[in-house]
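Have a look at the structure below before the remarks.
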Amino acid sequence: MTATESAVRYIQCGFHPIPIPSRSKKPELAGWPELRITVETAVRYFLNEPINQGIILGDEYGTTDIDLDCPEAITAAAHLLPETRMIFGRASKPRSHYFYRCDPPTRSRRYLDPIDKGCLVELRCRKGDGATGLQTVVPPSIHECGESIRFEQGLGPHPANIDADNLIRAVSW
(Lines give C-alpha, C1' and ligand atoms only; values in the text may rest on other atoms or scores of the structure.)
Protein backbone atom coordinates (compact mmCIF):
# COMPACT_ATOMS: atom_id res chain seq x y z
CA MET A 1 0.00 0.00 0.00
CA THR A 2 1.41 3.42 -0.92
CA ALA A 3 1.51 6.33 1.51
CA THR A 4 -1.27 8.06 -0.45
CA GLU A 5 -3.47 4.94 -0.34
CA SER A 6 -2.85 4.60 3.39
CA ALA A 7 -3.73 8.27 3.99
CA VAL A 8 -6.95 7.87 1.98
CA ARG A 9 -7.85 4.82 4.06
CA TYR A 10 -7.36 6.81 7.27
CA ILE A 11 -9.48 9.66 5.88
CA GLN A 12 -12.25 7.21 4.93
CA CYS A 13 -12.16 5.91 8.53
CA GLY A 14 -12.69 9.47 9.85
CA PHE A 15 -9.11 10.30 10.83
CA HIS A 16 -7.07 13.39 10.00
CA PRO A 17 -3.67 12.17 8.73
CA ILE A 18 -0.69 14.48 8.41
CA PRO A 19 2.65 13.99 6.63
CA ILE A 20 5.77 13.61 8.76
CA PRO A 21 9.32 13.11 7.50
CA SER A 22 10.44 9.48 7.40
CA ARG A 23 12.07 8.23 10.61
CA SER A 24 10.71 11.19 12.54
CA LYS A 25 7.90 11.85 15.01
CA LYS A 26 7.73 15.61 14.47
CA PRO A 27 5.49 17.27 11.88
CA GLU A 28 7.24 20.00 9.91
CA LEU A 29 4.20 21.57 8.24
CA ALA A 30 3.22 24.90 9.75
CA GLY A 31 -0.34 24.85 11.06
CA TRP A 32 -0.62 21.07 11.01
CA PRO A 33 -3.14 20.88 13.92
CA GLU A 34 -5.70 22.61 11.69
CA LEU A 35 -4.79 20.69 8.52
CA ARG A 36 -7.64 18.64 7.10
CA ILE A 37 -6.45 16.60 4.15
CA THR A 38 -9.18 15.20 1.91
CA VAL A 39 -9.28 12.17 -0.35
CA GLU A 40 -8.79 14.57 -3.26
CA THR A 41 -5.76 16.36 -1.76
CA ALA A 42 -4.02 13.36 -0.17
CA VAL A 43 -1.71 12.77 -3.12
CA ARG A 44 -0.33 16.31 -2.75
CA TYR A 45 0.82 15.55 0.81
CA PHE A 46 1.78 11.87 0.62
CA LEU A 47 3.29 11.55 -2.87
CA ASN A 48 6.95 11.45 -1.86
CA GLU A 49 8.01 8.21 -0.23
CA PRO A 50 9.31 7.24 2.19
CA ILE A 51 7.13 9.37 4.42
CA ASN A 52 5.65 8.85 7.86
CA GLN A 53 2.04 9.49 8.73
CA GLY A 54 0.63 10.98 11.88
CA ILE A 55 -2.97 11.09 13.08
CA ILE A 56 -4.24 14.25 14.76
CA LEU A 57 -5.49 13.54 18.28
CA GLY A 58 -8.28 15.28 20.18
CA ASP A 59 -10.28 16.01 17.05
CA GLU A 60 -14.06 16.31 16.86
CA TYR A 61 -14.27 12.51 17.19
CA GLY A 62 -12.17 12.36 20.36
CA THR A 63 -9.34 10.41 18.70
CA THR A 64 -7.18 9.19 21.58
CA ASP A 65 -3.91 7.26 21.77
CA ILE A 66 -2.99 5.28 24.87
CA ASP A 67 0.82 5.30 24.59
CA LEU A 68 2.35 2.55 26.71
CA ASP A 69 5.91 3.51 27.59
CA CYS A 70 7.20 0.49 29.50
CA PRO A 71 6.91 -3.32 29.33
CA GLU A 72 4.81 -3.48 32.50
CA ALA A 73 2.25 -1.05 31.05
CA ILE A 74 2.06 -3.06 27.82
CA THR A 75 1.39 -6.25 29.81
CA ALA A 76 -1.20 -4.57 32.04
CA ALA A 77 -2.99 -2.97 29.06
CA ALA A 78 -3.95 -6.36 27.68
CA HIS A 79 -5.93 -6.96 30.88
CA LEU A 80 -7.09 -3.48 31.89
CA LEU A 81 -7.82 -1.48 28.75
CA PRO A 82 -11.12 -1.80 26.89
CA GLU A 83 -11.09 -3.79 23.65
CA THR A 84 -10.24 -1.90 20.48
CA ARG A 85 -9.54 -2.96 16.91
CA MET A 86 -6.70 -0.44 16.55
CA ILE A 87 -3.52 -1.58 18.29
CA PHE A 88 -0.05 -1.12 16.87
CA GLY A 89 3.64 -0.92 17.71
CA ARG A 90 6.99 -2.04 16.38
CA ALA A 91 9.12 -5.18 16.73
CA SER A 92 10.93 -4.05 19.89
CA LYS A 93 7.75 -2.58 21.43
CA PRO A 94 4.67 -4.41 20.11
CA ARG A 95 1.15 -3.48 21.25
CA SER A 96 2.39 -0.16 22.64
CA HIS A 97 -0.40 2.03 21.18
CA TYR A 98 -4.14 1.51 21.71
CA PHE A 99 -6.46 3.89 19.83
CA TYR A 100 -9.97 4.93 20.87
CA ARG A 101 -12.61 7.51 20.09
CA CYS A 102 -13.60 8.98 23.44
CA ASP A 103 -16.64 11.08 24.19
CA PRO A 104 -16.21 13.82 25.11
CA PRO A 105 -12.65 14.48 23.92
CA THR A 106 -10.50 14.80 27.04
CA ARG A 107 -7.28 16.45 28.10
CA SER A 108 -4.13 14.36 27.92
CA ARG A 109 -2.68 12.82 31.07
CA ARG A 110 0.69 11.28 31.95
CA TYR A 111 1.03 8.56 34.56
CA LEU A 112 4.47 8.49 36.16
CA ASP A 113 6.38 5.90 38.14
CA PRO A 114 6.19 7.05 41.79
CA ILE A 115 9.83 6.14 42.41
CA ASP A 116 11.85 7.26 39.39
CA LYS A 117 9.22 9.60 37.86
CA GLY A 118 9.61 7.92 34.44
CA CYS A 119 6.52 7.85 32.25
CA LEU A 120 4.56 4.59 32.41
CA VAL A 121 1.62 5.46 30.17
CA GLU A 122 0.11 8.49 28.49
CA LEU A 123 -3.51 9.09 27.60
CA ARG A 124 -3.01 11.41 24.60
CA CYS A 125 -5.97 13.37 23.26
CA ARG A 126 -6.21 17.15 23.68
CA LYS A 127 -3.53 19.50 24.97
CA GLY A 128 -3.68 20.80 28.54
CA ASP A 129 -5.54 23.91 27.39
CA GLY A 130 -8.19 21.74 25.67
CA ALA A 131 -7.00 22.49 22.12
CA THR A 132 -5.90 20.05 19.43
CA GLY A 133 -2.19 20.00 18.79
CA LEU A 134 -1.00 16.48 19.50
CA GLN A 135 -0.49 13.65 17.04
CA THR A 136 0.81 10.10 16.94
CA VAL A 137 2.85 8.45 14.19
CA VAL A 138 0.88 5.48 12.84
CA PRO A 139 1.40 2.54 10.44
CA PRO A 140 2.85 2.32 7.89
CA SER A 141 5.65 4.54 9.17
CA ILE A 142 9.27 4.02 10.18
CA HIS A 143 10.21 4.73 13.79
CA GLU A 144 13.28 6.86 14.53
CA CYS A 145 15.18 3.65 15.36
CA GLY A 146 14.49 2.25 11.87
CA GLU A 147 11.80 -0.28 12.83
CA SER A 148 8.52 -0.46 10.93
CA ILE A 149 5.44 0.68 12.82
CA ARG A 150 2.74 -1.89 12.13
CA PHE A 151 -0.73 -2.91 13.19
CA GLU A 152 -1.02 -6.01 15.33
CA GLN A 153 -2.10 -9.01 13.27
CA GLY A 154 -5.73 -8.87 12.20
CA LEU A 155 -6.17 -5.27 13.38
CA GLY A 156 -6.35 -1.95 11.53
CA PRO A 157 -7.68 1.60 11.72
CA HIS A 158 -10.88 0.78 13.62
CA PRO A 159 -10.78 2.23 17.16
CA ALA A 160 -13.42 1.48 19.75
CA ASN A 161 -15.84 4.19 20.86
CA ILE A 162 -15.78 4.75 24.60
CA ASP A 163 -17.01 7.12 27.27
CA ALA A 164 -14.12 9.39 28.32
CA ASP A 165 -14.58 8.72 32.06
CA ASN A 166 -14.46 4.96 31.49
CA LEU A 167 -11.26 5.27 29.43
CA ILE A 168 -9.59 7.54 32.01
CA ARG A 169 -10.49 5.06 34.76
CA ALA A 170 -9.11 2.09 32.82
CA VAL A 171 -5.83 3.89 32.02
CA SER A 172 -5.38 5.02 35.63
CA TRP A 173 -5.68 1.39 36.81
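Ordering of the C-alpha coordinates sets the chain letters (A, B, ...), residue numbers begin anew at 1 in every chain, and ligands are numbered from 1 in the order given.
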Spatial neighbours of stretch 94-105 of chain A, 8 Å, only C-alpha atoms, chain gap at least 2 places, as a VMD selection string: chain A and resid 58 to 69 74 84 86 to 92 107 125 to 126 152 159 to 164 167
All residues 10 Å or closer to A:Glu28, only C-alpha atoms, same chain fewer than 6 positions away omitted, as a ChimeraX atom specification: /A:18-21
Secondary structure check, strand (DSSP E) residues of stretch 54-150 of chain A, as a VMD selection string: chain A and resid 54 to 56 63 to 68 87 to 90 93 to 103 109 to 112 119 to 124 135 to 138 141 to 142 148 to 150
Residue among A:Val171, A:Ala42, A:Ala30, A:Leu57 lying closest to A:Ile11, counting only C-alpha atoms: A:Ala42
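Here the question is which of A:Ile55, A:Ala3, A:Val39, A:Ile115 gets nearest to A:Gln135 using only C-alpha atoms, and that residue is A:Ile55.
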All residues 10 Å or closer to A:Phe46, only C-alpha atoms, same chain fewer than 2 positions away omitted, as a ChimeraX atom specification: /A:2-8,17-20,41-44,48-53
